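A.B. asks: Pasting run09.txt here (compact mmCIF, C-alpha atoms):
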```
# COMPACT_ATOMS: atom_id res chain seq x y z
CA MET A 1 0.00 0.00 0.00
CA LYS A 2 2.85 2.35 0.80
CA LYS A 3 4.35 1.85 -2.68
CA ILE A 4 0.96 2.50 -4.28
CA GLY A 5 0.65 5.73 -2.29
CA VAL A 6 4.10 6.85 -3.44
CA LEU A 7 3.21 6.10 -7.07
CA ILE A 8 -0.03 8.06 -6.79
CA GLY A 9 1.86 10.96 -5.25
CA LEU A 10 4.45 10.98 -8.05
CA TRP A 11 1.70 10.76 -10.65
CA ALA A 12 -0.06 13.75 -9.06
CA ILE A 13 3.14 15.80 -9.06
CA GLY A 14 3.71 14.92 -12.71
CA LEU A 15 0.15 15.91 -13.59
CA ILE A 16 0.54 19.28 -11.87
CA ALA A 17 3.78 19.90 -13.75
CA TYR A 18 2.11 18.88 -17.00
CA CYS A 19 -0.79 21.28 -16.41
CA GLN A 20 1.56 24.20 -15.86
CA ASP A 21 2.87 25.99 -18.91
CA THR A 22 6.63 25.95 -19.37
CA LEU A 23 7.97 29.48 -19.61
CA THR A 24 11.33 29.78 -21.34
CA LEU A 25 13.70 32.62 -20.53
CA ASP A 26 13.30 34.14 -24.01
CA GLU A 27 9.51 34.02 -23.69
CA ALA A 28 9.69 35.68 -20.29
CA ILE A 29 11.84 38.53 -21.64
CA VAL A 30 9.55 39.07 -24.65
CA LEU A 31 6.48 39.05 -22.42
CA ALA A 32 8.02 41.55 -20.00
CA LEU A 33 9.04 43.91 -22.80
CA LYS A 34 5.53 43.70 -24.22
CA GLN A 35 3.55 44.24 -21.01
CA ASN A 36 5.81 45.94 -18.46
CA PRO A 37 4.27 49.35 -17.58
CA ASN A 38 7.63 51.13 -17.67
CA ILE A 39 8.14 49.98 -21.26
CA LEU A 40 4.63 51.08 -22.21
CA LEU A 41 5.22 54.50 -20.65
CA ASP A 42 8.49 54.83 -22.57
CA GLN A 43 6.72 54.05 -25.82
CA ASN A 44 4.16 56.71 -24.97
CA GLY A 45 7.02 59.12 -24.26
CA ILE A 46 8.51 58.43 -27.69
CA GLU A 47 5.18 59.21 -29.36
CA TYR A 48 4.94 62.45 -27.36
CA ALA A 49 8.48 63.46 -28.34
CA LYS A 50 7.64 62.82 -32.01
CA ALA A 51 4.43 64.82 -31.74
CA THR A 52 6.23 67.84 -30.25
CA ASN A 53 9.17 67.78 -32.68
CA SER A 54 8.44 69.84 -35.78
CA TRP A 55 9.59 72.95 -37.59
CA ALA A 56 6.40 74.62 -36.44
CA ALA A 57 7.34 73.99 -32.79
CA ALA A 58 10.80 75.40 -33.55
CA GLY A 59 9.22 78.60 -34.89
CA ARG A 60 10.13 78.28 -38.56
CA LEU A 61 6.61 78.69 -39.95
CA PRO A 62 4.99 82.13 -40.21
CA THR A 63 2.12 83.25 -38.03
CA VAL A 64 -1.13 84.18 -39.74
CA SER A 65 -4.18 85.55 -37.98
CA LEU A 66 -7.57 86.91 -38.96
CA ASN A 67 -9.31 89.41 -36.69
CA GLY A 68 -12.75 90.90 -36.95
CA ILE A 69 -14.69 93.53 -34.97
CA TYR A 70 -18.29 94.71 -35.29
CA ASN A 71 -19.69 97.30 -32.88
CA ARG A 72 -23.07 99.04 -32.98
CA SER A 73 -24.17 101.75 -30.58
CA VAL A 74 -27.08 104.20 -30.02
CA VAL A 75 -26.05 107.48 -28.30
CA ASP A 76 -27.31 110.99 -27.63
CA LEU A 77 -25.11 113.49 -29.49
CA ASN A 78 -24.25 117.04 -28.33
CA GLN A 79 -21.48 118.41 -30.58
CA LYS A 80 -20.09 121.93 -31.16
CA LEU A 81 -17.77 122.47 -34.12
CA SER A 82 -15.08 125.14 -34.58
CA ASN A 83 -17.15 126.89 -37.24
CA GLY A 84 -19.91 127.56 -34.75
CA THR A 85 -22.16 124.71 -35.85
CA GLU A 86 -23.90 122.95 -32.99
CA ILE A 87 -25.47 119.47 -33.34
CA ILE A 88 -27.85 118.13 -30.76
CA ARG A 89 -29.58 114.84 -31.55
CA ASN A 90 -30.86 111.89 -29.58
CA GLY A 91 -30.74 108.24 -30.66
CA VAL A 92 -27.78 108.52 -33.04
CA ASN A 93 -26.82 105.14 -34.59
CA ASN A 94 -23.08 104.37 -34.92
CA SER A 95 -21.60 101.24 -36.49
CA VAL A 96 -17.97 100.07 -36.80
CA ILE A 97 -16.75 97.16 -38.95
CA ASN A 98 -13.06 96.20 -38.82
CA VAL A 99 -11.66 93.09 -40.51
CA ASN A 100 -7.91 92.46 -40.91
CA GLY A 101 -5.56 89.64 -41.69
CA GLN A 102 -2.01 89.68 -40.30
CA PHE A 103 1.08 87.82 -41.49
CA SER A 104 4.45 87.73 -39.74
CA TYR A 105 7.57 85.72 -40.59
CA ARG A 106 10.88 85.69 -38.73
CA LEU A 107 13.64 86.27 -41.28
CA TYR A 108 16.61 86.23 -38.93
CA ASN A 109 17.39 85.60 -35.28
CA GLY A 110 20.87 84.14 -35.19
CA LYS A 111 19.76 80.64 -36.39
CA LYS A 112 17.60 80.26 -33.30
CA ILE A 113 15.04 78.21 -35.24
CA TYR A 114 17.66 75.64 -36.29
CA ILE A 115 19.08 75.49 -32.78
CA ILE A 116 15.63 74.78 -31.33
CA LYS A 117 14.92 72.15 -34.01
CA LYS A 118 18.18 70.35 -33.23
CA ARG A 119 17.27 70.36 -29.53
CA LEU A 120 13.88 68.84 -30.33
CA ASP A 121 15.61 66.16 -32.43
CA LEU A 122 17.90 65.34 -29.51
CA GLN A 123 14.95 65.15 -27.13
CA GLU A 124 13.20 62.71 -29.48
CA GLU A 125 16.33 60.55 -29.62
CA LEU A 126 16.63 60.75 -25.84
CA ALA A 127 13.10 59.34 -25.49
CA GLY A 128 14.23 56.32 -27.51
CA ILE A 129 17.29 55.92 -25.30
CA GLY A 130 15.03 56.05 -22.25
CA LEU A 131 13.20 53.07 -23.73
CA GLN A 132 16.54 51.26 -24.17
CA GLN A 133 17.35 51.93 -20.52
CA ASP A 134 14.16 50.29 -19.31
CA VAL A 135 14.52 47.44 -21.82
CA ASN A 136 18.01 46.70 -20.48
CA GLN A 137 16.86 46.97 -16.85
CA THR A 138 13.69 44.94 -17.38
CA ALA A 139 15.54 42.18 -19.23
CA TYR A 140 18.11 42.05 -16.42
CA ASP A 141 15.36 41.80 -13.79
CA VAL A 142 13.69 38.97 -15.71
CA ILE A 143 16.97 37.06 -16.13
CA SER A 144 17.91 37.48 -12.48
CA LYS A 145 14.54 36.32 -11.23
CA TYR A 146 14.34 33.46 -13.74
CA ILE A 147 17.73 32.00 -12.80
CA ALA A 148 16.85 32.45 -9.11
CA ILE A 149 13.77 30.25 -9.65
CA ASN A 150 15.96 27.81 -11.57
CA ARG A 151 18.39 27.64 -8.65
CA LEU A 152 15.61 27.03 -6.11
CA GLN A 153 14.12 24.33 -8.33
CA LYS A 154 17.49 22.57 -8.62
CA GLN A 155 17.93 22.79 -4.87
CA ARG A 156 14.56 21.17 -4.41
CA ASN A 157 15.39 18.40 -6.88
CA ALA A 158 18.64 17.81 -5.04
CA ILE A 159 16.96 17.66 -1.66
CA LEU A 160 14.33 15.23 -3.00
CA GLU A 161 17.21 12.97 -4.01
CA THR A 162 18.84 13.19 -0.58
CA ILE A 163 15.51 12.66 1.23
CA SER A 164 15.37 9.17 -0.29
CA PHE A 165 18.73 8.43 1.38
CA PHE A 166 17.51 9.80 4.71
CA GLU A 167 14.33 7.70 4.42
CA GLU A 168 16.42 4.59 3.83
CA ARG A 169 18.49 5.43 6.90
CA VAL A 170 15.31 5.80 8.97
CA ARG A 171 14.04 2.46 7.74
CA LEU A 172 17.31 0.69 8.57
CA SER A 173 17.66 2.43 11.96
CA LYS A 174 14.12 1.49 12.88
CA SER A 175 14.72 -2.13 11.84
CA ARG A 176 17.94 -2.36 13.83
CA PHE A 177 16.24 -0.82 16.87
CA GLU A 178 13.30 -3.23 16.65
CA ILE A 179 15.54 -6.30 16.51
CA GLY A 180 17.67 -4.92 19.34
CA THR A 181 20.98 -4.35 17.52
CA ALA A 182 20.93 -0.55 17.87
CA ALA A 183 19.79 2.03 20.38
CA LYS A 184 16.54 3.91 19.96
CA ASN A 185 18.51 7.16 19.99
CA ASP A 186 19.99 6.30 16.57
CA TYR A 187 16.49 5.74 15.19
CA LEU A 188 15.20 9.00 16.69
CA GLN A 189 18.18 10.96 15.36
CA SER A 190 17.66 9.58 11.85
CA GLN A 191 13.98 10.59 12.03
CA VAL A 192 14.93 14.11 13.16
CA ASP A 193 17.42 14.45 10.30
CA LEU A 194 14.77 13.31 7.81
CA ASN A 195 12.27 15.82 9.18
CA VAL A 196 14.88 18.58 8.85
CA GLN A 197 15.32 17.73 5.18
CA ARG A 198 11.55 17.65 4.64
CA ALA A 199 11.21 21.03 6.34
CA SER A 200 13.93 22.36 4.03
CA GLU A 201 11.97 21.08 1.07
CA LEU A 202 8.81 22.83 2.29
CA ASN A 203 10.76 26.08 2.62
CA LEU A 204 12.10 25.64 -0.89
CA ILE A 205 8.60 25.04 -2.27
CA ASN A 206 7.42 28.22 -0.58
CA ASN A 207 10.43 30.19 -1.83
CA ILE A 208 9.86 28.91 -5.38
CA GLU A 209 6.25 30.13 -5.31
CA LEU A 210 7.31 33.52 -3.92
CA ALA A 211 10.02 33.83 -6.59
CA LYS A 212 7.48 33.01 -9.30
CA MET A 213 5.13 35.68 -7.96
CA ASP A 214 8.03 38.14 -8.07
CA LEU A 215 8.72 37.27 -11.70
CA ASN A 216 5.00 37.51 -12.56
CA LYS A 217 5.06 41.05 -11.21
CA VAL A 218 7.80 42.02 -13.66
CA LEU A 219 5.81 40.30 -16.42
CA ALA A 220 2.79 42.45 -15.45
CA ARG A 221 0.45 39.51 -15.05
CA ASP A 222 -1.54 37.77 -12.32
CA PRO A 223 0.91 36.89 -9.50
CA PHE A 224 -0.80 33.50 -9.11
CA THR A 225 -0.11 32.50 -12.73
CA LYS A 226 1.46 29.04 -12.66
CA PHE A 227 4.43 28.15 -14.85
CA MET A 228 7.48 25.95 -15.01
CA VAL A 229 11.02 27.08 -15.78
CA GLN A 230 13.65 25.44 -17.93
CA ASP A 231 17.38 24.94 -17.52
CA ILE A 232 19.34 27.70 -19.23
CA LEU A 233 22.51 27.39 -21.24
CA ILE A 234 25.35 29.23 -19.53
CA PRO A 235 28.21 30.50 -21.75
CA SER A 236 31.62 29.26 -20.72
CA GLU A 237 33.29 32.62 -21.30
CA LEU A 238 32.58 36.30 -20.75
CA PRO A 239 33.34 39.13 -23.20
CA THR A 240 36.82 40.54 -22.79
CA LYS A 241 37.24 43.32 -20.27
CA GLU A 242 38.39 45.64 -23.05
CA SER A 243 35.20 45.11 -25.07
CA MET A 244 33.14 45.51 -21.90
CA MET A 245 34.77 48.87 -21.07
CA GLN A 246 34.30 50.05 -24.64
CA ALA A 247 30.63 49.06 -24.49
CA ILE A 248 30.08 51.19 -21.38
CA ASP A 249 30.82 54.30 -23.45
CA SER A 250 29.21 53.16 -26.69
CA THR A 251 26.20 50.94 -25.90
CA ASN A 252 25.24 51.36 -22.24
CA PRO A 253 21.97 53.36 -22.40
CA ASN A 254 22.51 54.99 -19.00
CA ILE A 255 25.75 56.62 -20.13
CA ILE A 256 24.35 57.45 -23.58
CA ALA A 257 21.31 59.16 -21.99
CA LEU A 258 23.55 61.34 -19.81
CA LYS A 259 25.64 62.32 -22.83
CA PHE A 260 22.48 63.24 -24.73
CA ASN A 261 21.45 65.43 -21.81
CA GLN A 262 24.76 67.23 -22.22
CA LYS A 263 24.08 67.80 -25.92
CA ILE A 264 20.62 69.17 -25.09
CA LEU A 265 22.15 71.53 -22.53
CA ASP A 266 24.63 72.72 -25.18
CA GLN A 267 21.71 73.48 -27.50
CA LEU A 268 19.89 75.31 -24.72
CA ALA A 269 23.01 77.42 -24.12
CA ALA A 270 23.12 78.35 -27.81
CA GLU A 271 19.40 79.11 -27.67
CA ILE A 272 19.88 81.40 -24.67
CA LYS A 273 22.61 83.34 -26.48
CA THR A 274 20.22 84.17 -29.35
CA GLN A 275 18.31 86.39 -26.92
CA GLN A 276 21.06 89.02 -27.45
CA ILE A 277 20.77 88.94 -31.25
CA PRO A 278 18.39 91.26 -33.18
CA SER A 279 15.32 89.75 -34.80
CA LEU A 280 14.13 90.70 -38.29
CA PHE A 281 10.50 90.09 -39.28
CA ALA A 282 8.56 90.43 -42.53
CA ASN A 283 5.03 91.68 -41.86
CA ALA A 284 1.95 92.08 -44.02
CA THR A 285 -1.66 93.01 -43.34
CA ALA A 286 -4.87 93.28 -45.34
CA SER A 287 -7.63 95.26 -43.69
CA PHE A 288 -11.15 96.54 -44.18
CA ASN A 289 -12.50 99.35 -41.94
CA LYS A 290 -15.96 100.91 -42.13
CA ASN A 291 -17.39 103.54 -39.75
CA SER A 292 -20.87 105.01 -40.17
CA SER A 293 -22.98 107.38 -38.09
CA THR A 294 -26.40 108.99 -38.56
CA ALA A 295 -25.19 112.32 -37.13
CA GLY A 296 -22.01 114.19 -36.37
CA PHE A 297 -19.05 115.57 -38.25
CA ASN A 298 -18.02 112.26 -39.83
CA LEU A 299 -21.00 110.37 -41.23
CA PHE A 300 -19.17 107.65 -43.22
CA THR A 301 -15.59 106.37 -43.56
CA GLN A 302 -14.42 103.25 -45.37
CA GLN A 303 -10.82 102.01 -45.84
CA TYR A 304 -9.43 98.76 -47.24
CA GLY A 305 -6.25 97.43 -48.79
CA PRO A 306 -2.95 95.62 -48.12
CA GLN A 307 0.11 96.78 -46.23
CA ALA A 308 3.61 95.20 -46.08
CA GLY A 309 6.89 96.00 -44.43
CA LEU A 310 9.81 94.93 -42.28
CA SER A 311 10.29 95.22 -38.56
CA ILE A 312 13.38 94.73 -36.47
CA SER A 313 13.75 94.20 -32.75
CA PHE A 314 16.98 95.04 -30.90
CA PRO A 315 17.49 93.65 -27.38
CA ILE A 316 18.71 96.68 -25.42
CA PHE A 317 19.05 95.40 -21.87
CA ASN A 318 18.75 91.69 -21.10
CA GLY A 319 22.40 90.89 -20.39
CA PRO A 320 21.94 90.02 -16.68
CA ILE A 321 19.10 87.60 -17.43
CA VAL A 322 21.06 85.91 -20.23
CA LYS A 323 24.15 85.70 -18.03
CA GLN A 324 22.12 84.14 -15.21
CA GLN A 325 20.58 81.55 -17.54
CA LEU A 326 23.97 80.65 -19.04
CA ASN A 327 25.47 80.27 -15.58
CA ALA A 328 22.65 77.92 -14.55
CA ASN A 329 23.16 75.98 -17.78
CA ARG A 330 26.89 75.66 -17.06
CA ILE A 331 26.19 74.30 -13.57
CA GLN A 332 23.81 71.69 -15.02
CA ARG A 333 26.45 70.75 -17.60
CA GLU A 334 29.07 70.23 -14.92
CA ALA A 335 26.60 68.15 -12.89
CA GLN A 336 26.14 65.90 -15.94
CA ASP A 337 29.92 65.38 -16.12
CA ILE A 338 30.00 64.33 -12.49
CA GLN A 339 27.01 62.04 -12.93
CA ILE A 340 28.56 60.36 -15.98
CA GLU A 341 31.72 59.56 -14.04
CA ASN A 342 29.69 58.34 -11.07
CA VAL A 343 27.51 56.04 -13.19
CA LYS A 344 30.57 54.79 -15.07
CA GLN A 345 32.36 53.94 -11.83
CA ASN A 346 29.28 52.10 -10.55
CA LEU A 347 29.07 50.10 -13.78
CA LEU A 348 32.77 49.27 -13.63
CA SER A 349 32.37 48.11 -10.03
CA ILE A 350 29.47 45.84 -11.01
CA ALA A 351 31.52 44.46 -13.91
CA ALA A 352 34.62 43.90 -11.75
CA LEU A 353 32.61 41.90 -9.22
CA ALA A 354 30.95 39.95 -12.03
CA TYR A 355 34.28 38.98 -13.63
CA GLN A 356 35.74 37.99 -10.27
CA ASN A 357 32.67 35.94 -9.32
CA PHE A 358 32.59 34.32 -12.76
CA ASP A 359 36.21 33.14 -12.54
CA ASN A 360 35.74 31.93 -8.98
CA ALA A 361 32.48 30.13 -9.83
CA LYS A 362 34.11 28.35 -12.78
CA SER A 363 36.92 27.10 -10.54
CA GLN A 364 34.40 26.05 -7.88
CA ILE A 365 32.23 24.17 -10.38
CA ALA A 366 35.24 22.28 -11.77
CA LEU A 367 36.27 21.29 -8.26
CA GLU A 368 32.79 20.53 -6.92
CA GLU A 369 31.82 18.38 -9.91
CA GLN A 370 34.75 16.10 -9.10
CA ASN A 371 34.04 16.36 -5.39
CA LEU A 372 30.36 15.53 -5.85
CA GLU A 373 31.17 12.25 -7.61
CA VAL A 374 33.45 11.29 -4.73
CA ILE A 375 30.85 12.23 -2.13
CA LYS A 376 28.10 10.31 -3.94
CA GLU A 377 30.28 7.22 -4.04
CA HIS A 378 31.22 7.69 -0.39
CA ASN A 379 27.56 8.09 0.55
CA SER A 380 26.64 4.93 -1.37
CA ILE A 381 29.42 2.95 0.32
CA SER A 382 28.48 4.34 3.74
CA MET A 383 24.84 3.33 3.21
CA GLU A 384 25.91 -0.20 2.26
CA ARG A 385 28.19 -0.44 5.27
CA PHE A 386 25.38 0.85 7.48
CA ARG A 387 23.15 -1.93 6.17
CA LYS A 388 25.83 -4.39 7.25
CA ALA A 389 26.13 -2.60 10.62
CA SER A 390 29.84 -1.88 10.06
CA ILE A 391 29.53 1.90 10.67
CA THR A 392 27.56 3.98 13.16
CA THR A 393 24.59 6.25 12.53
CA VAL A 394 26.81 9.25 13.20
CA GLU A 395 29.17 8.27 10.38
CA LEU A 396 26.31 7.72 7.92
CA ARG A 397 24.68 10.98 9.00
CA GLN A 398 27.87 12.89 8.24
CA ALA A 399 28.15 11.26 4.81
CA GLN A 400 24.58 12.28 3.98
CA LEU A 401 25.07 15.85 5.19
CA ASN A 402 28.25 16.08 3.10
CA LEU A 403 26.16 15.15 0.05
CA VAL A 404 23.57 17.85 0.83
CA GLU A 405 26.25 20.51 1.26
CA ALA A 406 28.12 19.49 -1.90
CA GLN A 407 24.95 19.66 -3.98
CA ASN A 408 24.13 23.12 -2.65
CA ARG A 409 27.65 24.37 -3.31
CA ILE A 410 27.63 23.36 -6.97
CA ILE A 411 24.09 24.70 -7.51
CA ASN A 412 25.05 28.04 -5.93
CA ALA A 413 28.24 28.21 -8.01
CA ARG A 414 26.27 27.68 -11.23
CA TYR A 415 23.81 30.37 -10.13
CA THR A 416 26.69 32.77 -9.48
CA LEU A 417 28.05 31.99 -12.94
CA ALA A 418 24.72 32.79 -14.61
CA GLN A 419 24.19 35.90 -12.50
CA SER A 420 27.67 37.19 -13.40
CA ILE A 421 26.91 36.83 -17.12
CA ALA A 422 23.66 38.76 -16.66
CA GLN A 423 25.49 41.54 -14.79
CA VAL A 424 28.08 41.94 -17.55
CA GLY A 425 25.29 42.05 -20.14
CA PHE A 426 23.55 44.75 -18.11
CA VAL A 427 26.74 46.81 -17.86
CA MET A 428 27.27 46.54 -21.61
CA GLY A 429 23.64 47.51 -22.22
CA ILE A 430 22.97 44.59 -24.56
CA LEU A 431 20.16 42.81 -22.70
CA GLY A 432 16.76 42.67 -24.35
CA LYS A 433 18.17 43.34 -27.82
```
Could you quickly redo this structure as structure tokens?

C.D. replies:
Amino acid sequence: MKKIGVLIGLWAIGLIAYCQDTLTLDEAIVLALKQNPNILLDQNGIEYAKATNSWAAAGRLPTVSLNGIYNRSVVDLNQKLSNGTEIIRNGVNNSVINVNGQFSYRLYNGKKIYIIKKRLDLQEELAGIGLQQDVNQTAYDVISKYIAINRLQKQRNAILETISFFEERVRLSKSRFEIGTAAKNDYLQSQVDLNVQRASELNLINNIELAKMDLNKVLARDPFTKFMVQDILIPSELPTKESMMQAIDSTNPNIIALKFNQKILDQLAAEIKTQQIPSLFANATASFNKNSSTAGFNLFTQQYGPQAGLSISFPIFNGPIVKQQLNANRIQREAQDIQIENVKQNLLSIAALAYQNFDNAKSQIALEEQNLEVIKEHNSISMERFRKASITTVELRQAQLNLVEAQNRIINARYTLAQSIAQVGFVMGILGK
């Protein structure tokens, strides 16, 4: 009956696994980039930057307006003229019609229009770089959380394997106690050790579910969505340190964004300087004016026709304001320089740790893979000797614990290896591409 129960339990676990969709790492990254709210906001920001970038926004197009006025009034008139004529009349009707169209075009202002347009172009490009920043960060978050789930799953698989050894030890200890060849304390200790391993498995199951909820959050979906993860292929080598350092300046979106901010500040400085340059405008109007009155000196006037000309505006006194704005711009520019160096140093620190951890993890894996084979063989021999009552429970217990520790060490080393690769990819700004 016990064997039947175990088979039913294994079948149930297999059915649950079968019912859960397997989520590959590539699928997780694609899903995150498609649904993550930060990515969606960045895409909206790109559309906004495109919508606000035009020659019209830069001021290149002329301004044209049409204005119209119509007034009608009824007044009492009392008017004395210089020739002695006196007009007194009540209920005088007056009407005024004024229609005019105005045209104005900036002919010159120190290339201010082109400076503004270039700034708008840079701002549009910066919006795209902001998207790259979040793509790189989101992909890194997905990779980190995915390999963390993978590590926990491997730890659980390993502990399930060791639990079978602990169960065998309990069975043998109980048998030896019942026939009187061993103390009850050995049996109780083996049961305690088994329960410790089972408790560890329960903690791992809980941690796996929590890690999956954390990944679901990044994927912007229901945190209770069930899925399985796959093993991932881990490259055996990292990019050279020289190519990594070159990528920080050329492909890392955080550094590129800061450099674009500097370019935008340079354009703003040039734009501020144009405030001290005269502006030349071409102006034209076409108007129609009609005034009529039923009494008074002027009974009817009507004027219409076009008018054209040039106007020029000289800034007389705005030096202090321009100087203040340029000084503020310079301070912002210097702050960008400091921030670039700070971000670069942080990225180099992350990369240095990643390279060191990668090399150490590779050495550990090579050693632990050999060590694990030895420990497995030692555990198998110890179990056989325990069956023959040629070693104590304490000796077998130590052999089993050595197996647990060795399995955890190699799993953690492989996780460190994968995490180091993800960190270098993040520093280079190539994740999610």

A.B. asks: So, with all atoms listed in the file as the atoms that count, which of A:Val424, A:Ala257, A:Ile264, A:Val170 lies closest to Leu122 of chain A?

C.D. replies: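 Among the listed residues, the smallest separation from Leu122 of chain A belongs to A:Ile264.
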
A.B. asks: Do a neighbour search on Glu209 of chain A at 12 Å with all atoms listed in the file, toss out local chain neighbours closer than 3 positions, and write the hits as number ranges by chain.

C.D. replies: A: 145, 148-150, 152-153, 202-206, 212-216, 223-229

A.B. asks: Taking C-alpha atoms for each residue, export the selection above as an mmCIF file, in the frame of the given file.

C.D. replies:
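Writing done, so here's selection_8.cif:
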```cif
data_model
loop_
_atom_site.group_PDB
_atom_site.id
_atom_site.type_symbol
_atom_site.label_atom_id
_atom_site.label_comp_id
_atom_site.auth_asym_id
_atom_site.auth_seq_id
_atom_site.Cartn_x
_atom_site.Cartn_y
_atom_site.Cartn_z
ATOM 1 C CA LYS A 145 14.540 36.320 -11.230
ATOM 2 C CA ALA A 148 16.850 32.450 -9.110
ATOM 3 C CA ILE A 149 13.770 30.250 -9.650
ATOM 4 C CA ASN A 150 15.960 27.810 -11.570
ATOM 5 C CA LEU A 152 15.610 27.030 -6.110
ATOM 6 C CA GLN A 153 14.120 24.330 -8.330
ATOM 7 C CA LEU A 202 8.810 22.830 2.290
ATOM 8 C CA ASN A 203 10.760 26.080 2.620
ATOM 9 C CA LEU A 204 12.100 25.640 -0.890
ATOM 10 C CA ILE A 205 8.600 25.040 -2.270
ATOM 11 C CA ASN A 206 7.420 28.220 -0.580
ATOM 12 C CA LYS A 212 7.480 33.010 -9.300
ATOM 13 C CA MET A 213 5.130 35.680 -7.960
ATOM 14 C CA ASP A 214 8.030 38.140 -8.070
ATOM 15 C CA LEU A 215 8.720 37.270 -11.700
ATOM 16 C CA ASN A 216 5.000 37.510 -12.560
ATOM 17 C CA PRO A 223 0.910 36.890 -9.500
ATOM 18 C CA PHE A 224 -0.800 33.500 -9.110
ATOM 19 C CA THR A 225 -0.110 32.500 -12.730
ATOM 20 C CA LYS A 226 1.460 29.040 -12.660
ATOM 21 C CA PHE A 227 4.430 28.150 -14.850
ATOM 22 C CA MET A 228 7.480 25.950 -15.010
ATOM 23 C CA VAL A 229 11.020 27.080 -15.780
#
```

A.B. asks: Extract, using only C-alpha atoms, all DNA, RNA and protein residues at most 12 Å from Ile272 of chain A, discarding same-chain residues fewer than 4 positions from it, and format them as a ChimeraX atom specification.

C.D. replies: /A:109-112,115-116,265-268,276-277,318-330

A.B. asks: Take atom CA of Ser279 of chain A and atom CA of Asp121 of chain A and report the distance between them in Å, one decimal.

C.D. replies: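 For atom CA of Ser279 of chain A relative to atom CA of Asp121 of chain A, the distance reads 23.7 Å.
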
A.B. asks: Tell me which of A:Ile248, A:Ile256, A:Ile87, A:Ala282 sits closest to Ala127 of chain A, counting all atoms listed in the file.

C.D. replies: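 Nearest candidate to Ala127 of chain A out of A:Ile248, A:Ile256, A:Ile87, A:Ala282: A:Ile256.
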
A.B. asks: Quick one: everything within 10 Å of Asp193 of chain A, counting only C-alpha atoms, minus sequence neighbours fewer than 6 positions away in the same chain. Send it as number ranges by chain.

C.D. replies: A: 163, 166-167, 169-170, 199, 397, 400-401

A.B. asks: What separation in Å, quoted to one decimal, exists between atom CA of Ala389 of chain A and atom CA of Gln407 of chain A?

C.D. replies: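 Atom-to-atom, atom CA of Ala389 of chain A to atom CA of Gln407 of chain A, that is 26.6 Å.
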
A.B. asks: Please determine, counting only C-alpha atoms, which residue among A:Gly128, A:Gly68, A:Gly429, A:Pro62 has the shortest atom-to-atom distance to Ser104 of chain A.

C.D. replies: A:Pro62

A.B. asks: Nearest to Gln302 of chain A among A:Ser95, A:Ser73, A:Asn371, A:Asn402, with distances taken over all atoms listed in the file: which residue is it?

C.D. replies: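 Using all atoms listed in the file, Gln302 of chain A sits closest to A:Ser95.
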
A.B. asks: In the coordinates of the file, take the point (11.1, 74.2, -34.2) and a cut-off of 8 Å; then, counting only C-alpha atoms, name each qualifying protein, DNA or RNA residue as a PyMOL selection string.

C.D. replies: chain A and resi 53-60+113-114+116-117+120

A.B. asks: Please produce an output containing C-alpha atoms for each residue in the selection, written as an mmCIF file, in the frame of the given file.

C.D. replies:
```
data_model
loop_
_atom_site.group_PDB
_atom_site.id
_atom_site.type_symbol
_atom_site.label_atom_id
_atom_site.label_comp_id
_atom_site.auth_asym_id
_atom_site.auth_seq_id
_atom_site.Cartn_x
_atom_site.Cartn_y
_atom_site.Cartn_z
ATOM 1 C CA ASN A 53 9.170 67.780 -32.680
ATOM 2 C CA SER A 54 8.440 69.840 -35.780
ATOM 3 C CA TRP A 55 9.590 72.950 -37.590
ATOM 4 C CA ALA A 56 6.400 74.620 -36.440
ATOM 5 C CA ALA A 57 7.340 73.990 -32.790
ATOM 6 C CA ALA A 58 10.800 75.400 -33.550
ATOM 7 C CA GLY A 59 9.220 78.600 -34.890
ATOM 8 C CA ARG A 60 10.130 78.280 -38.560
ATOM 9 C CA ILE A 113 15.040 78.210 -35.240
ATOM 10 C CA TYR A 114 17.660 75.640 -36.290
ATOM 11 C CA ILE A 116 15.630 74.780 -31.330
ATOM 12 C CA LYS A 117 14.920 72.150 -34.010
ATOM 13 C CA LEU A 120 13.880 68.840 -30.330
#
```

A.B. asks: Please write as a PyMOL selection string the list of polymer residues whose atoms come within 12 Å of (-20.7, 111.4, -37.0), counting all atoms listed in the file and keeping to the coordinates of the file.

C.D. replies: chain A and resi 74-79+81+87-89+92-96+291-301

A.B. asks: Just checking: using only C-alpha atoms, which residue out of A:Gln419, A:Gln133, A:Asn342, A:Gln370 ends up closest to Phe358 of chain A?

C.D. replies: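 Residue with the minimum atom-to-atom distance to Phe358 of chain A: A:Gln419.
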
A.B. asks: Mind giving me the straight-line distance from atom CA of Tyr48 of chain A to atom CA of Ala247 of chain A in Å, one decimal?

C.D. replies: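 Answer for the atom CA of Tyr48 of chain A to atom CA of Ala247 of chain A separation: 29.1 Å.
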
A.B. asks: Using all atoms listed in the file, pick whichever of A:Leu66, A:Val99, A:Ala49, A:Ala158 has the shortest atom-to-atom distance to Tyr304 of chain A.

C.D. replies: A:Val99

A.B. asks: Go through segment 191-252 of chain A residue by residue and, counting all atoms listed in the file, keep those with an atom at most 10 Å from segment 29-43 of chain A; for each kept residue give the shortest atom pair and its distance in Å to one decimal, ordered by chain and increasing number, as CSV.

C.D. replies:
```
residue,atom,partner,partner_atom,distance
A:Leu215,CA,A:Ala32,CA,9.4
A:Asn216,CA,A:Ala32,CA,9.0
A:Lys217,CA,A:Asn36,CA,8.8
A:Val218,CA,A:Ala32,CA,6.4
A:Leu219,CA,A:Ala32,CA,4.4
A:Ala220,CA,A:Asn36,CA,5.5
A:Arg221,CA,A:Gln35,CA,8.2
```
